[in-house]
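Worksheet for the structure shown next.
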Amino acid sequence: MIDRVEVYVKGGDGGNGIVSFRREKFVPFGGPNGGKGGDGGSVYLVGDVSIATLRGFRYRKHFRAAKGAHGRGQDMVGKRGEDLQVKVPLGTLVRRKQEDGSGTLLVDVVEHGQRVLVAKGGRGGFGNAHFASSTNQAPRIAEKGDPGEETRLLLDLKLIADVGIIGYPNAGKSTLLRTVSNAKPKVADYPFTTLEPVLGVVELGYRSFVLADIPGLIEGAHRGLGLGFDFLRHIERTKIVIHLVDGSSEAPLSDLRKVGEELVAYEAALKDKPRIIAVNKVDLPEVRDRLPRLRREFKGLGVPLYFISAASGEGVEELMKKTLELVSQADSVPPVKKEEAEFKVFRPRPLSPRRAAHSEEKHGGI
Ligand SMILES: Nc1nc2c(ncn2[C@@H]2O[C@H](COP(=O)(O)OP(=O)(O)OP(=O)(O)O)[C@@H](O)[C@H]2O)c(=O)[nH]1
Ligand SMILES: [Mg+2]
C-alpha cells in the first residue's frame with residue numbers, strides 16, 4: 001500500500017532592486033536611494049500527524065510561495081514574500097525528480113512538525129543605493145531579483161506499521177500476516193524466508209490497522225546477526241508488538257525470552273511497548289498435547305496471551321480484536337509535539353484551583 005504523487009514546487013522570485021535618487025528642494029544632486037527588492041518566500045513540507053494519506057494532492061499539485069515585492073525609492077526595501085507550508089503525512093519519502101524520471105531521495109518525513117525546505121525563495125536584487133561608491137556616486141544600475149528555485153518532487157507514502165509481529169524464524173509470522181491481511185508474503189518451511197518487513201492492512205469492521213511482519217530476530221540480532229538491526233528499527237515505530245511463538249519448538253518459553261532480550265539489548269525502551277503473546281501452530285497434535293503446560297509457563301508473564309493457528313485461522317480473530325483494542329488505546333495518547341516538549345509554554349493563570357489541578361495533569365512534565 002504505497003501511495004505516490006508528483007508535485008511541482010517553486011520558491012517566490014526575489015523582488016527587483018530599483019534606481020532612484022533623492023529629490024529634495026534645494027538639494028541639486030540628491031544621492032541614490034533605490035531600495036532592495038524583498039526576498040521571495042520558500043516552500044516547506046511539514047510533517048503532520050493529522051493527515052493520513054496523500055489524497056489531498058490529487059486536487060492540488062502546484063505550490064508556489066509568494067514573490068518578494070520590488071524595492072522602492074527612499075531606500076525602502078520590498079516586502080518579503082511569505083513562505084508556503086505544505087502539510088504531508090508522516091511516513092512520506094520525498095524525492096527530487098530528475099530529468100530521466102528517476103528520483104533522488106531528499107528526506108524521510110517521520111515527525112510531527114518536521115520542516116523540510118524544498119524550494120528556496122529567490123534573493124531580492126539590490127537597489128542602486130547599494131552600488132554607490134566614492135568613484136561612482138550616482139550609480140544608475142540595480143539588480144533584478146533572483147528567480148525562486150523550482151523543482152518536481154515525488155512523494156511516496158510509506159505506511160508506518162501500527163503493529164509489528166516478531167518471533168523466531170519459522171514461528172509463522174508471514175503465515176499470520178497472510179491470514180489476516182491483504183499482504184502476500186512468502187511462506188516456507190525454512191528459516192529466513194522473509195528478508196524484509198512486509199506490511200498488510202488488517203480490517204475489522206470499520207476499523208483498520210497496519211500490521212508488519214518483522215523477520216530476522218535471532219540471538220545476537222542487536223549486534224547485527226541474522227538480518228540485523230535494520231528490522232529492530234522498524235519495531236521502534238510500531239505501537240504494539242505481537243510476539244509470536246512456535247508452539248512446536250523445543251523450548252517455546254526460552255525462544256520468547258531470547259527474542260525479548262534482543263529487543264531490550266537494542267533499545268531498553270522497547271521493554272515498555274505494549275505486547276501480546278501468541279503461541280502458534282495449535283492445530284498440530286503435539287502442540288495441542290502441550291497446551292496445559294504452555295499455558296502455565298506463559299501465564300506468569302502478565303501479558304495478554306492467545307493460542308492460535310495462523311494456518312487454520314483458529315483463535316486469530318480474538319487476537320486481532322485485542323490488537324485493535326490496544327492500538328486504539330495507543331492512539332488516544334496524543335503524540336508529543338517537539339516544540340511542546342522542548343520549550344516551556346507560558347499559559348494564562350488558571351481561574352480556580354480546581355482548573356489548575358486539571359491543567360497540570362494535562363500538561364504535566366512540560
Ligand atoms: N501446522 C502449522 N504450520 C504453520 C502454522 N503457521 C505457520 N506454519 C508453517 O511454519 C513454516 C514457517 O512459516 P512462516 O510463516 O514462513 O514463518 P516466518 O515466521 O515468517 O519465518 P521467517 O520468514 O523465516 O522468519 C511454514 O512451513 C508454515 O506453513 C500453523 O499455524 N500451523
Ligand atoms: Mg516470514
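Lettering and numbering for the C-alpha cells are positional, with chains as A, B, ... in the shown order, residues counted from 1 in each chain, and ligands counted from 1 in the shown order.
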
Which residues form the shell of 10 Å around ligand 1 when you count only C-alpha atoms and all ligand atoms, given as a PDB file with N, CA and C atoms, in the first residue's frame?
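The result, stored in pocket.pdb:
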ATOM      1  N   ILE A 165       4.826  -7.893  14.093  1.00  0.00           N
ATOM      2  CA  ILE A 165       4.850  -9.294  14.556  1.00  0.00           C
ATOM      3  C   ILE A 165       6.309  -9.700  14.649  1.00  0.00           C
ATOM      4  N   ILE A 166       6.740 -10.089  15.827  1.00  0.00           N
ATOM      5  CA  ILE A 166       8.116 -10.550  15.970  1.00  0.00           C
ATOM      6  C   ILE A 166       8.109 -12.006  16.418  1.00  0.00           C
ATOM      7  N   GLY A 167       9.264 -12.617  16.373  1.00  0.00           N
ATOM      8  CA  GLY A 167       9.365 -14.006  16.787  1.00  0.00           C
ATOM      9  C   GLY A 167      10.480 -14.671  16.011  1.00  0.00           C
ATOM     10  N   TYR A 168      10.881 -15.849  16.487  1.00  0.00           N
ATOM     11  CA  TYR A 168      11.949 -16.593  15.839  1.00  0.00           C
ATOM     12  C   TYR A 168      11.631 -16.907  14.389  1.00  0.00           C
ATOM     13  N   PRO A 169      12.656 -17.112  13.567  1.00  0.00           N
ATOM     14  CA  PRO A 169      12.404 -17.573  12.202  1.00  0.00           C
ATOM     15  C   PRO A 169      11.548 -18.837  12.261  1.00  0.00           C
ATOM     16  N   ASN A 170      10.619 -18.957  11.326  1.00  0.00           N
ATOM     17  CA  ASN A 170       9.769 -20.142  11.234  1.00  0.00           C
ATOM     18  C   ASN A 170       8.606 -20.175  12.225  1.00  0.00           C
ATOM     19  N   ALA A 171       8.438 -19.137  13.020  1.00  0.00           N
ATOM     20  CA  ALA A 171       7.360 -19.131  14.018  1.00  0.00           C
ATOM     21  C   ALA A 171       5.993 -19.069  13.352  1.00  0.00           C
ATOM     22  N   GLY A 172       5.967 -18.537  12.121  1.00  0.00           N
ATOM     23  CA  GLY A 172       4.686 -18.434  11.407  1.00  0.00           C
ATOM     24  C   GLY A 172       4.230 -16.999  11.241  1.00  0.00           C
ATOM     25  N   LYS A 173       5.157 -16.071  11.308  1.00  0.00           N
ATOM     26  CA  LYS A 173       4.816 -14.641  11.210  1.00  0.00           C
ATOM     27  C   LYS A 173       4.178 -14.305   9.860  1.00  0.00           C
ATOM     28  N   SER A 174       4.818 -14.797   8.800  1.00  0.00           N
ATOM     29  CA  SER A 174       4.295 -14.481   7.465  1.00  0.00           C
ATOM     30  C   SER A 174       2.952 -15.157   7.248  1.00  0.00           C
ATOM     31  N   THR A 175       2.797 -16.352   7.793  1.00  0.00           N
ATOM     32  CA  THR A 175       1.519 -17.052   7.656  1.00  0.00           C
ATOM     33  C   THR A 175       0.415 -16.255   8.333  1.00  0.00           C
ATOM     34  N   LEU A 176       0.717 -15.722   9.514  1.00  0.00           N
ATOM     35  CA  LEU A 176      -0.283 -14.928  10.234  1.00  0.00           C
ATOM     36  C   LEU A 176      -0.655 -13.677   9.430  1.00  0.00           C
ATOM     37  N   LEU A 177       0.350 -13.016   8.892  1.00  0.00           N
ATOM     38  CA  LEU A 177       0.074 -11.801   8.115  1.00  0.00           C
ATOM     39  C   LEU A 177      -0.803 -12.123   6.902  1.00  0.00           C
ATOM     40  N   ARG A 178      -0.526 -13.245   6.270  1.00  0.00           N
ATOM     41  CA  ARG A 178      -1.329 -13.675   5.105  1.00  0.00           C
ATOM     42  C   ARG A 178      -2.768 -13.934   5.497  1.00  0.00           C
ATOM     43  N   THR A 179      -2.939 -14.563   6.658  1.00  0.00           N
ATOM     44  CA  THR A 179      -4.287 -14.937   7.090  1.00  0.00           C
ATOM     45  C   THR A 179      -5.137 -13.711   7.407  1.00  0.00           C
ATOM     46  N   PRO A 185       3.009 -12.302   1.795  1.00  0.00           N
ATOM     47  CA  PRO A 185       4.433 -12.616   1.960  1.00  0.00           C
ATOM     48  C   PRO A 185       4.670 -14.100   1.683  1.00  0.00           C
ATOM     49  N   LYS A 186       5.892 -14.419   1.344  1.00  0.00           N
ATOM     50  CA  LYS A 186       6.229 -15.814   1.057  1.00  0.00           C
ATOM     51  C   LYS A 186       6.274 -16.612   2.358  1.00  0.00           C
ATOM     52  N   VAL A 187       5.736 -17.815   2.305  1.00  0.00           N
ATOM     53  CA  VAL A 187       5.741 -18.698   3.470  1.00  0.00           C
ATOM     54  C   VAL A 187       6.465 -19.974   3.088  1.00  0.00           C
ATOM     55  N   ALA A 188       7.430 -20.402   3.891  1.00  0.00           N
ATOM     56  CA  ALA A 188       8.091 -21.668   3.588  1.00  0.00           C
ATOM     57  C   ALA A 188       8.669 -22.260   4.847  1.00  0.00           C
ATOM     58  N   ASP A 189       9.022 -23.518   4.733  1.00  0.00           N
ATOM     59  CA  ASP A 189       9.431 -24.274   5.888  1.00  0.00           C
ATOM     60  C   ASP A 189      10.929 -24.171   6.161  1.00  0.00           C
ATOM     61  N   TYR A 190      11.502 -23.019   5.946  1.00  0.00           N
ATOM     62  CA  TYR A 190      12.902 -22.872   6.333  1.00  0.00           C
ATOM     63  C   TYR A 190      13.090 -21.472   6.910  1.00  0.00           C
ATOM     64  N   PRO A 191      14.048 -21.329   7.803  1.00  0.00           N
ATOM     65  CA  PRO A 191      14.231 -20.029   8.460  1.00  0.00           C
ATOM     66  C   PRO A 191      14.684 -18.963   7.475  1.00  0.00           C
ATOM     67  N   PHE A 192      14.411 -17.726   7.786  1.00  0.00           N
ATOM     68  CA  PHE A 192      14.794 -16.567   6.965  1.00  0.00           C
ATOM     69  C   PHE A 192      14.156 -16.591   5.585  1.00  0.00           C
ATOM     70  N   THR A 193      12.905 -17.019   5.559  1.00  0.00           N
ATOM     71  CA  THR A 193      12.180 -16.977   4.299  1.00  0.00           C
ATOM     72  C   THR A 193      11.877 -15.526   3.941  1.00  0.00           C
ATOM     73  N   THR A 194      11.548 -14.771   4.961  1.00  0.00           N
ATOM     74  CA  THR A 194      11.217 -13.367   4.726  1.00  0.00           C
ATOM     75  C   THR A 194      12.472 -12.539   4.932  1.00  0.00           C
ATOM     76  N   LEU A 195      12.783 -11.705   3.944  1.00  0.00           N
ATOM     77  CA  LEU A 195      14.035 -10.967   4.040  1.00  0.00           C
ATOM     78  C   LEU A 195      13.858  -9.488   4.341  1.00  0.00           C
ATOM     79  N   GLU A 196      12.658  -8.995   4.182  1.00  0.00           N
ATOM     80  CA  GLU A 196      12.437  -7.630   4.641  1.00  0.00           C
ATOM     81  C   GLU A 196      11.013  -7.478   5.136  1.00  0.00           C
ATOM     82  N   PRO A 197      10.776  -6.487   5.977  1.00  0.00           N
ATOM     83  CA  PRO A 197       9.443  -6.364   6.560  1.00  0.00           C
ATOM     84  C   PRO A 197       8.379  -6.228   5.488  1.00  0.00           C
ATOM     85  N   VAL A 198       7.276  -6.895   5.699  1.00  0.00           N
ATOM     86  CA  VAL A 198       6.156  -6.815   4.767  1.00  0.00           C
ATOM     87  C   VAL A 198       4.968  -6.269   5.543  1.00  0.00           C
ATOM     88  N   ASP A 213       5.186  -7.721   9.302  1.00  0.00           N
ATOM     89  CA  ASP A 213       5.887  -8.966   9.586  1.00  0.00           C
ATOM     90  C   ASP A 213       7.362  -8.570   9.690  1.00  0.00           C
ATOM     91  N   ILE A 214       7.897  -8.649  10.885  1.00  0.00           N
ATOM     92  CA  ILE A 214       9.279  -8.205  11.078  1.00  0.00           C
ATOM     93  C   ILE A 214      10.182  -9.413  11.279  1.00  0.00           C
ATOM     94  N   PRO A 215      10.921  -9.766  10.237  1.00  0.00           N
ATOM     95  CA  PRO A 215      11.686 -11.011  10.287  1.00  0.00           C
ATOM     96  C   PRO A 215      13.061 -10.824  10.899  1.00  0.00           C
ATOM     97  N   GLY A 216      13.741 -11.943  11.024  1.00  0.00           N
ATOM     98  CA  GLY A 216      15.183 -11.871  11.272  1.00  0.00           C
ATOM     99  C   GLY A 216      15.617 -11.665  12.695  1.00  0.00           C
ATOM    100  N   LEU A 217      14.713 -11.845  13.667  1.00  0.00           N
ATOM    101  CA  LEU A 217      15.167 -11.654  15.045  1.00  0.00           C
ATOM    102  C   LEU A 217      15.662 -12.974  15.622  1.00  0.00           C
ATOM    103  N   ILE A 218      16.958 -13.029  15.861  1.00  0.00           N
ATOM    104  CA  ILE A 218      17.537 -14.208  16.498  1.00  0.00           C
ATOM    105  C   ILE A 218      18.506 -13.715  17.547  1.00  0.00           C
ATOM    106  N   GLY A 226      21.803 -12.317  12.038  1.00  0.00           N
ATOM    107  CA  GLY A 226      20.511 -12.555  11.394  1.00  0.00           C
ATOM    108  C   GLY A 226      20.338 -11.500  10.326  1.00  0.00           C
ATOM    109  N   LEU A 227      19.201 -10.868  10.328  1.00  0.00           N
ATOM    110  CA  LEU A 227      19.015  -9.811   9.340  1.00  0.00           C
ATOM    111  C   LEU A 227      19.361  -8.461   9.951  1.00  0.00           C
ATOM    112  N   LEU A 244       5.110 -13.660  18.466  1.00  0.00           N
ATOM    113  CA  LEU A 244       4.615 -14.959  18.027  1.00  0.00           C
ATOM    114  C   LEU A 244       5.625 -16.038  18.397  1.00  0.00           C
ATOM    115  N   VAL A 245       5.115 -17.106  19.004  1.00  0.00           N
ATOM    116  CA  VAL A 245       5.989 -18.193  19.441  1.00  0.00           C
ATOM    117  C   VAL A 245       5.541 -19.477  18.755  1.00  0.00           C
ATOM    118  N   ASP A 246       6.504 -20.238  18.265  1.00  0.00           N
ATOM    119  CA  ASP A 246       6.198 -21.524  17.641  1.00  0.00           C
ATOM    120  C   ASP A 246       5.936 -22.546  18.754  1.00  0.00           C
ATOM    121  N   GLY A 247       4.677 -22.963  18.883  1.00  0.00           N
ATOM    122  CA  GLY A 247       4.327 -23.912  19.939  1.00  0.00           C
ATOM    123  C   GLY A 247       4.979 -25.266  19.749  1.00  0.00           C
ATOM    124  N   SER A 248       5.442 -25.546  18.523  1.00  0.00           N
ATOM    125  CA  SER A 248       6.041 -26.857  18.287  1.00  0.00           C
ATOM    126  C   SER A 248       7.553 -26.832  18.476  1.00  0.00           C
ATOM    127  N   VAL A 279       0.854 -17.934  20.984  1.00  0.00           N
ATOM    128  CA  VAL A 279       1.514 -19.218  20.755  1.00  0.00           C
ATOM    129  C   VAL A 279       0.854 -19.824  19.521  1.00  0.00           C
ATOM    130  N   ASN A 280       1.677 -20.137  18.522  1.00  0.00           N
ATOM    131  CA  ASN A 280       1.152 -20.551  17.213  1.00  0.00           C
ATOM    132  C   ASN A 280       1.234 -22.066  17.000  1.00  0.00           C
ATOM    133  N   LYS A 281       0.523 -22.498  15.982  1.00  0.00           N
ATOM    134  CA  LYS A 281       0.527 -23.889  15.495  1.00  0.00           C
ATOM    135  C   LYS A 281      -0.234 -24.837  16.409  1.00  0.00           C
ATOM    136  N   VAL A 282      -1.304 -24.325  17.049  1.00  0.00           N
ATOM    137  CA  VAL A 282      -2.059 -25.197  17.952  1.00  0.00           C
ATOM    138  C   VAL A 282      -2.853 -26.259  17.195  1.00  0.00           C
ATOM    139  N   ASP A 283      -2.868 -26.162  15.851  1.00  0.00           N
ATOM    140  CA  ASP A 283      -3.542 -27.223  15.089  1.00  0.00           C
ATOM    141  C   ASP A 283      -2.738 -28.524  15.115  1.00  0.00           C
ATOM    142  N   LEU A 284      -1.443 -28.446  15.409  1.00  0.00           N
ATOM    143  CA  LEU A 284      -0.628 -29.664  15.437  1.00  0.00           C
ATOM    144  C   LEU A 284      -0.917 -30.455  16.721  1.00  0.00           C
ATOM    145  N   PRO A 285      -1.107 -31.767  16.562  1.00  0.00           N
ATOM    146  CA  PRO A 285      -1.431 -32.573  17.759  1.00  0.00           C
ATOM    147  C   PRO A 285      -0.390 -32.440  18.863  1.00  0.00           C
ATOM    148  N   VAL A 287       1.366 -29.981  19.650  1.00  0.00           N
ATOM    149  CA  VAL A 287       1.226 -28.699  20.348  1.00  0.00           C
ATOM    150  C   VAL A 287      -0.008 -28.746  21.241  1.00  0.00           C
ATOM    151  N   PHE A 307      -3.731 -18.396  22.081  1.00  0.00           N
ATOM    152  CA  PHE A 307      -3.262 -19.607  21.421  1.00  0.00           C
ATOM    153  C   PHE A 307      -3.931 -19.651  20.062  1.00  0.00           C
ATOM    154  N   ILE A 308      -3.131 -19.717  19.025  1.00  0.00           N
ATOM    155  CA  ILE A 308      -3.713 -19.608  17.686  1.00  0.00           C
ATOM    156  C   ILE A 308      -3.127 -20.626  16.718  1.00  0.00           C
ATOM    157  N   SER A 309      -3.792 -20.737  15.593  1.00  0.00           N
ATOM    158  CA  SER A 309      -3.197 -21.411  14.458  1.00  0.00           C
ATOM    159  C   SER A 309      -3.272 -20.433  13.295  1.00  0.00           C
ATOM    160  N   ALA A 310      -2.124 -19.910  12.939  1.00  0.00           N
ATOM    161  CA  ALA A 310      -2.089 -18.942  11.841  1.00  0.00           C
ATOM    162  C   ALA A 310      -2.526 -19.616  10.553  1.00  0.00           C
ATOM    163  N   ALA A 311      -2.256 -20.930  10.455  1.00  0.00           N
ATOM    164  CA  ALA A 311      -2.582 -21.649   9.228  1.00  0.00           C
ATOM    165  C   ALA A 311      -4.076 -21.912   9.111  1.00  0.00           C
ATOM    166  N   SER A 312      -4.718 -22.365  10.186  1.00  0.00           N
ATOM    167  CA  SER A 312      -6.148 -22.694  10.090  1.00  0.00           C
ATOM    168  C   SER A 312      -7.038 -21.512  10.452  1.00  0.00           C
ATOM    169  N   GLY A 313      -6.470 -20.523  11.106  1.00  0.00           N
ATOM    170  CA  GLY A 313      -7.256 -19.343  11.471  1.00  0.00           C
ATOM    171  C   GLY A 313      -7.853 -19.431  12.871  1.00  0.00           C
ATOM    172  N   GLU A 314      -7.655 -20.538  13.525  1.00  0.00           N
ATOM    173  CA  GLU A 314      -8.207 -20.709  14.867  1.00  0.00           C
ATOM    174  C   GLU A 314      -7.636 -19.669  15.839  1.00  0.00           C
ATOM    175  N   VAL A 316      -7.499 -16.613  15.716  1.00  0.00           N
ATOM    176  CA  VAL A 316      -6.865 -15.434  15.116  1.00  0.00           C
ATOM    177  C   VAL A 316      -7.736 -14.181  15.259  1.00  0.00           C
TER     178      VAL A 316
END

- Message: Residues near segment 114-116 of chain A, anyone? I mean within 9 Å using only C-alpha atoms, not counting same-chain ones fewer than 2 positions away, as an MDAnalysis selection string.
- Response: chainID A and resid 43:48 85 107 109:112 118 338

- From atom CA of His62 of chain A to atom CA of Glu143 of chain A the spacing works out at 28.1 Å

- Query: Do you know which residues are at most 7 Å from Gly200 of chain A counting only C-alpha atoms, after dropping those on the same chain fewer than 3 positions away, and could you put them as a list of chain:residue names?
  - Reply: A:Leu177, A:Ser181, A:Asn182, A:Ala183, A:Val210, A:Leu211, A:Ala212

- Message: Report as a list in words all protein, DNA and RNA residues lying within 9 Å of Asp75 of chain A, evaluated on only C-alpha atoms, omitting residues in the same chain fewer than 2 positions from it.
- Response: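 Near Asp75 of chain A, the qualifying residues are Ser20, Pro32, Asn33, Gly34, Gly35, Lys36, Gly71, Arg72, Gly73, Val77, Gly127 and Ala129 of chain A.
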
- Query: Using only C-alpha atoms, which residue out of A:Ile235, A:Leu199, A:Ile51, A:Arg22 lies closest to Lys158 of chain A?
  - Reply: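 Counting only C-alpha atoms, the residue closest to Lys158 of chain A is A:Leu199.
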
- Item | Interatomic distance (Å, one decimal) between atom CA of Ile242 of chain A and atom CA of Gly164 of chain A | 6.1 Å

- Which of these residues is nearest to Phe57 of chain A, using only C-alpha atoms: A:Lys87, A:Arg293, A:Arg152, A:Lys184?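 Counting only C-alpha atoms, the residue closest to Phe57 of chain A is A:Lys87.
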
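Distance-wise, atom CA of Glu6 of chain A and atom CA of Leu154 of chain A end up 4.6 Å apart.
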
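Using only C-alpha atoms for every distance, the candidate list A:Val303, A:Leu93, A:Val327, A:Ala265 yields A:Val327 as the residue closest to Asp162 of chain A.
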
- Query: So which one's closest to Thr238 of chain A, A:Leu326, A:Met76, A:Leu256, A:Val86? Using only C-alpha atoms, please.
  - Reply: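 Looking at the shortest contact to Thr238 of chain A, the residue is A:Leu326.
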